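A.B. asks: Can you keep this structure in mind? I'll have questions shortly.
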Amino acid sequence: MTSDTSTIRPDSDLRDLNVNAVIAAGMAADESARRTLFTAGAIAASLRLEELGIGPYPVRFLARYVRAAGRAEALALPEPLVGAEAVVLAHQWLTAASTVDAGLSGDRAFAQWLDMVAALIAIRRRAR
């Protein structure tokens with residue numbers, strides 16, 4: 001079994017990924033774009049949050065909130081994550097996720113993505 005290394009991107013490349021665009025495309029439910037959302041997009045988001053000192057728990061909390069109340073209600077939160085820069089990122093990501101009105105399935109998909117981001121942060125912290 002061989003792996004296709006042409007799709008493997010180092011973290012340094014993912015730091016420049018436009019996460020907002022990846023979220024908007026991934027929420028449109030195109031299979032390829034959704035796969036990118038849950039791979040490169042989640043990694044890039046976790047790297048940005050780690051740089052801001054955000055751990056997995058607040059991201060999991062936001063995921064639960066999105067699952068319970070929806071993307072629109074989460075977007076109305078004044079501070080979905082702690083810290084000015086994290087608030088801006090969370091609002092940008094929630095806005096991008098809301099560009100496609102996918103109803104409850106969209107809320108669930110975005111909450112699942114946030115859970116993935118939180119898991120990646122937790123894994124990286126344990127690996128240190």
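Lettering and numbering for the structure tokens are positional, with chains as A, B, ... in the shown order, residues counted from 1 in each chain, and ligands counted from 1 in the shown order.
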Could you name the residues that touch stretch 25-36 of chain A at 12 Å or less, counting only C-alpha atoms, but leaving out those on the same chain fewer than 5 positions away, as a PyMOL selection string?
C.D. replies: chain A and resi 7-9+14+17-20+41-44+71+93-113
A.B. asks: Write out as a list in words the residues lying within 9 Å of stretch 56-63 of chain A, counting only C-alpha atoms and excluding same-chain residues fewer than 4 positions away.
C.D. replies: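 The contact residues come out as Ser46, Arg67, Ala68, Ala74, Pro80, Leu81, Val82, Arg108, Phe110, Ala111, Gln112, Trp113, Leu114, Asp115, Met116, Val117, Ala118, Ala119, Leu120, Ile121 and Ala122 of chain A.
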A.B. asks: Please produce an output containing N, CA, C and O atoms for each residue in the selection, written as a PDB file, in the first residue's frame.
C.D. replies:
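New file again14.pdb:
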```pdb
ATOM      1  N   SER A  46      -6.973  24.591  14.165  1.00  0.00           N
ATOM      2  CA  SER A  46      -6.391  24.209  15.455  1.00  0.00           C
ATOM      3  C   SER A  46      -5.050  24.912  15.677  1.00  0.00           C
ATOM      4  O   SER A  46      -4.754  25.344  16.791  1.00  0.00           O
ATOM      5  N   ARG A  67     -24.438  22.834  18.407  1.00  0.00           N
ATOM      6  CA  ARG A  67     -25.300  21.664  18.267  1.00  0.00           C
ATOM      7  C   ARG A  67     -26.670  21.916  18.911  1.00  0.00           C
ATOM      8  O   ARG A  67     -27.706  21.531  18.368  1.00  0.00           O
ATOM      9  N   ALA A  68     -26.677  22.604  20.054  1.00  0.00           N
ATOM     10  CA  ALA A  68     -27.925  22.824  20.789  1.00  0.00           C
ATOM     11  C   ALA A  68     -28.728  24.016  20.272  1.00  0.00           C
ATOM     12  O   ALA A  68     -29.950  23.947  20.176  1.00  0.00           O
ATOM     13  N   ALA A  74     -25.118  30.948  17.910  1.00  0.00           N
ATOM     14  CA  ALA A  74     -23.709  30.997  18.314  1.00  0.00           C
ATOM     15  C   ALA A  74     -23.047  32.256  17.780  1.00  0.00           C
ATOM     16  O   ALA A  74     -22.223  32.873  18.459  1.00  0.00           O
ATOM     17  N   PRO A  80     -17.789  33.965  21.858  1.00  0.00           N
ATOM     18  CA  PRO A  80     -17.884  32.509  21.712  1.00  0.00           C
ATOM     19  C   PRO A  80     -16.617  31.782  22.155  1.00  0.00           C
ATOM     20  O   PRO A  80     -16.672  30.614  22.533  1.00  0.00           O
ATOM     21  N   LEU A  81     -15.485  32.450  22.098  1.00  0.00           N
ATOM     22  CA  LEU A  81     -14.218  31.963  22.642  1.00  0.00           C
ATOM     23  C   LEU A  81     -13.600  33.127  23.417  1.00  0.00           C
ATOM     24  O   LEU A  81     -13.946  34.287  23.186  1.00  0.00           O
ATOM     25  N   VAL A  82     -12.677  32.829  24.302  1.00  0.00           N
ATOM     26  CA  VAL A  82     -12.097  33.854  25.166  1.00  0.00           C
ATOM     27  C   VAL A  82     -10.916  34.548  24.484  1.00  0.00           C
ATOM     28  O   VAL A  82     -10.036  33.883  23.931  1.00  0.00           O
ATOM     29  N   ARG A 108     -25.152  20.606  12.713  1.00  0.00           N
ATOM     30  CA  ARG A 108     -24.456  19.389  13.172  1.00  0.00           C
ATOM     31  C   ARG A 108     -23.085  19.257  12.518  1.00  0.00           C
ATOM     32  O   ARG A 108     -22.106  18.892  13.173  1.00  0.00           O
ATOM     33  N   PHE A 110     -21.125  21.639  11.305  1.00  0.00           N
ATOM     34  CA  PHE A 110     -20.179  22.622  11.826  1.00  0.00           C
ATOM     35  C   PHE A 110     -19.770  22.284  13.253  1.00  0.00           C
ATOM     36  O   PHE A 110     -18.600  22.422  13.613  1.00  0.00           O
ATOM     37  N   ALA A 111     -20.712  21.808  14.057  1.00  0.00           N
ATOM     38  CA  ALA A 111     -20.376  21.386  15.418  1.00  0.00           C
ATOM     39  C   ALA A 111     -19.386  20.219  15.389  1.00  0.00           C
ATOM     40  O   ALA A 111     -18.440  20.175  16.184  1.00  0.00           O
ATOM     41  N   GLN A 112     -19.583  19.303  14.456  1.00  0.00           N
ATOM     42  CA  GLN A 112     -18.657  18.177  14.314  1.00  0.00           C
ATOM     43  C   GLN A 112     -17.266  18.681  13.930  1.00  0.00           C
ATOM     44  O   GLN A 112     -16.256  18.187  14.421  1.00  0.00           O
ATOM     45  N   TRP A 113     -17.215  19.685  13.049  1.00  0.00           N
ATOM     46  CA  TRP A 113     -15.929  20.270  12.660  1.00  0.00           C
ATOM     47  C   TRP A 113     -15.248  20.906  13.872  1.00  0.00           C
ATOM     48  O   TRP A 113     -14.049  20.716  14.079  1.00  0.00           O
ATOM     49  N   LEU A 114     -16.004  21.649  14.672  1.00  0.00           N
ATOM     50  CA  LEU A 114     -15.425  22.239  15.882  1.00  0.00           C
ATOM     51  C   LEU A 114     -14.901  21.158  16.820  1.00  0.00           C
ATOM     52  O   LEU A 114     -13.838  21.323  17.432  1.00  0.00           O
ATOM     53  N   ASP A 115     -15.630  20.052  16.946  1.00  0.00           N
ATOM     54  CA  ASP A 115     -15.147  18.929  17.759  1.00  0.00           C
ATOM     55  C   ASP A 115     -13.830  18.389  17.220  1.00  0.00           C
ATOM     56  O   ASP A 115     -12.928  18.026  17.983  1.00  0.00           O
ATOM     57  N   MET A 116     -13.700  18.322  15.899  1.00  0.00           N
ATOM     58  CA  MET A 116     -12.460  17.864  15.276  1.00  0.00           C
ATOM     59  C   MET A 116     -11.312  18.827  15.612  1.00  0.00           C
ATOM     60  O   MET A 116     -10.208  18.398  15.947  1.00  0.00           O
ATOM     61  N   VAL A 117     -11.576  20.120  15.515  1.00  0.00           N
ATOM     62  CA  VAL A 117     -10.561  21.127  15.847  1.00  0.00           C
ATOM     63  C   VAL A 117     -10.123  20.950  17.301  1.00  0.00           C
ATOM     64  O   VAL A 117      -8.924  20.947  17.599  1.00  0.00           O
ATOM     65  N   ALA A 118     -11.076  20.775  18.205  1.00  0.00           N
ATOM     66  CA  ALA A 118     -10.762  20.584  19.618  1.00  0.00           C
ATOM     67  C   ALA A 118      -9.925  19.319  19.832  1.00  0.00           C
ATOM     68  O   ALA A 118      -8.962  19.321  20.605  1.00  0.00           O
ATOM     69  N   ALA A 119     -10.284  18.251  19.140  1.00  0.00           N
ATOM     70  CA  ALA A 119      -9.538  16.992  19.267  1.00  0.00           C
ATOM     71  C   ALA A 119      -8.096  17.168  18.802  1.00  0.00           C
ATOM     72  O   ALA A 119      -7.166  16.653  19.435  1.00  0.00           O
ATOM     73  N   LEU A 120      -7.909  17.889  17.723  1.00  0.00           N
ATOM     74  CA  LEU A 120      -6.546  18.121  17.228  1.00  0.00           C
ATOM     75  C   LEU A 120      -5.721  18.925  18.226  1.00  0.00           C
ATOM     76  O   LEU A 120      -4.541  18.636  18.442  1.00  0.00           O
ATOM     77  N   ILE A 121      -6.332  19.930  18.841  1.00  0.00           N
ATOM     78  CA  ILE A 121      -5.627  20.710  19.863  1.00  0.00           C
ATOM     79  C   ILE A 121      -5.232  19.797  21.024  1.00  0.00           C
ATOM     80  O   ILE A 121      -4.094  19.838  21.501  1.00  0.00           O
ATOM     81  N   ALA A 122      -6.160  18.958  21.457  1.00  0.00           N
ATOM     82  CA  ALA A 122      -5.887  18.045  22.575  1.00  0.00           C
ATOM     83  C   ALA A 122      -4.773  17.064  22.236  1.00  0.00           C
ATOM     84  O   ALA A 122      -3.879  16.813  23.054  1.00  0.00           O
TER      85      ALA A 122
END
```
A.B. asks: What does the distance from atom CA of A:Gly55 to atom CA of A:Ala24 come to in Å, to one decimal?
C.D. replies: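 According to the coordinates, atom CA of A:Gly55 and atom CA of A:Ala24 are separated by 23.9 Å.
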A.B. asks: Atom CA of A:Arg124 and atom CA of A:Pro78 are how many Å apart?
C.D. replies: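 Between atom CA of A:Arg124 and atom CA of A:Pro78 the gap works out to 28.1 Å.
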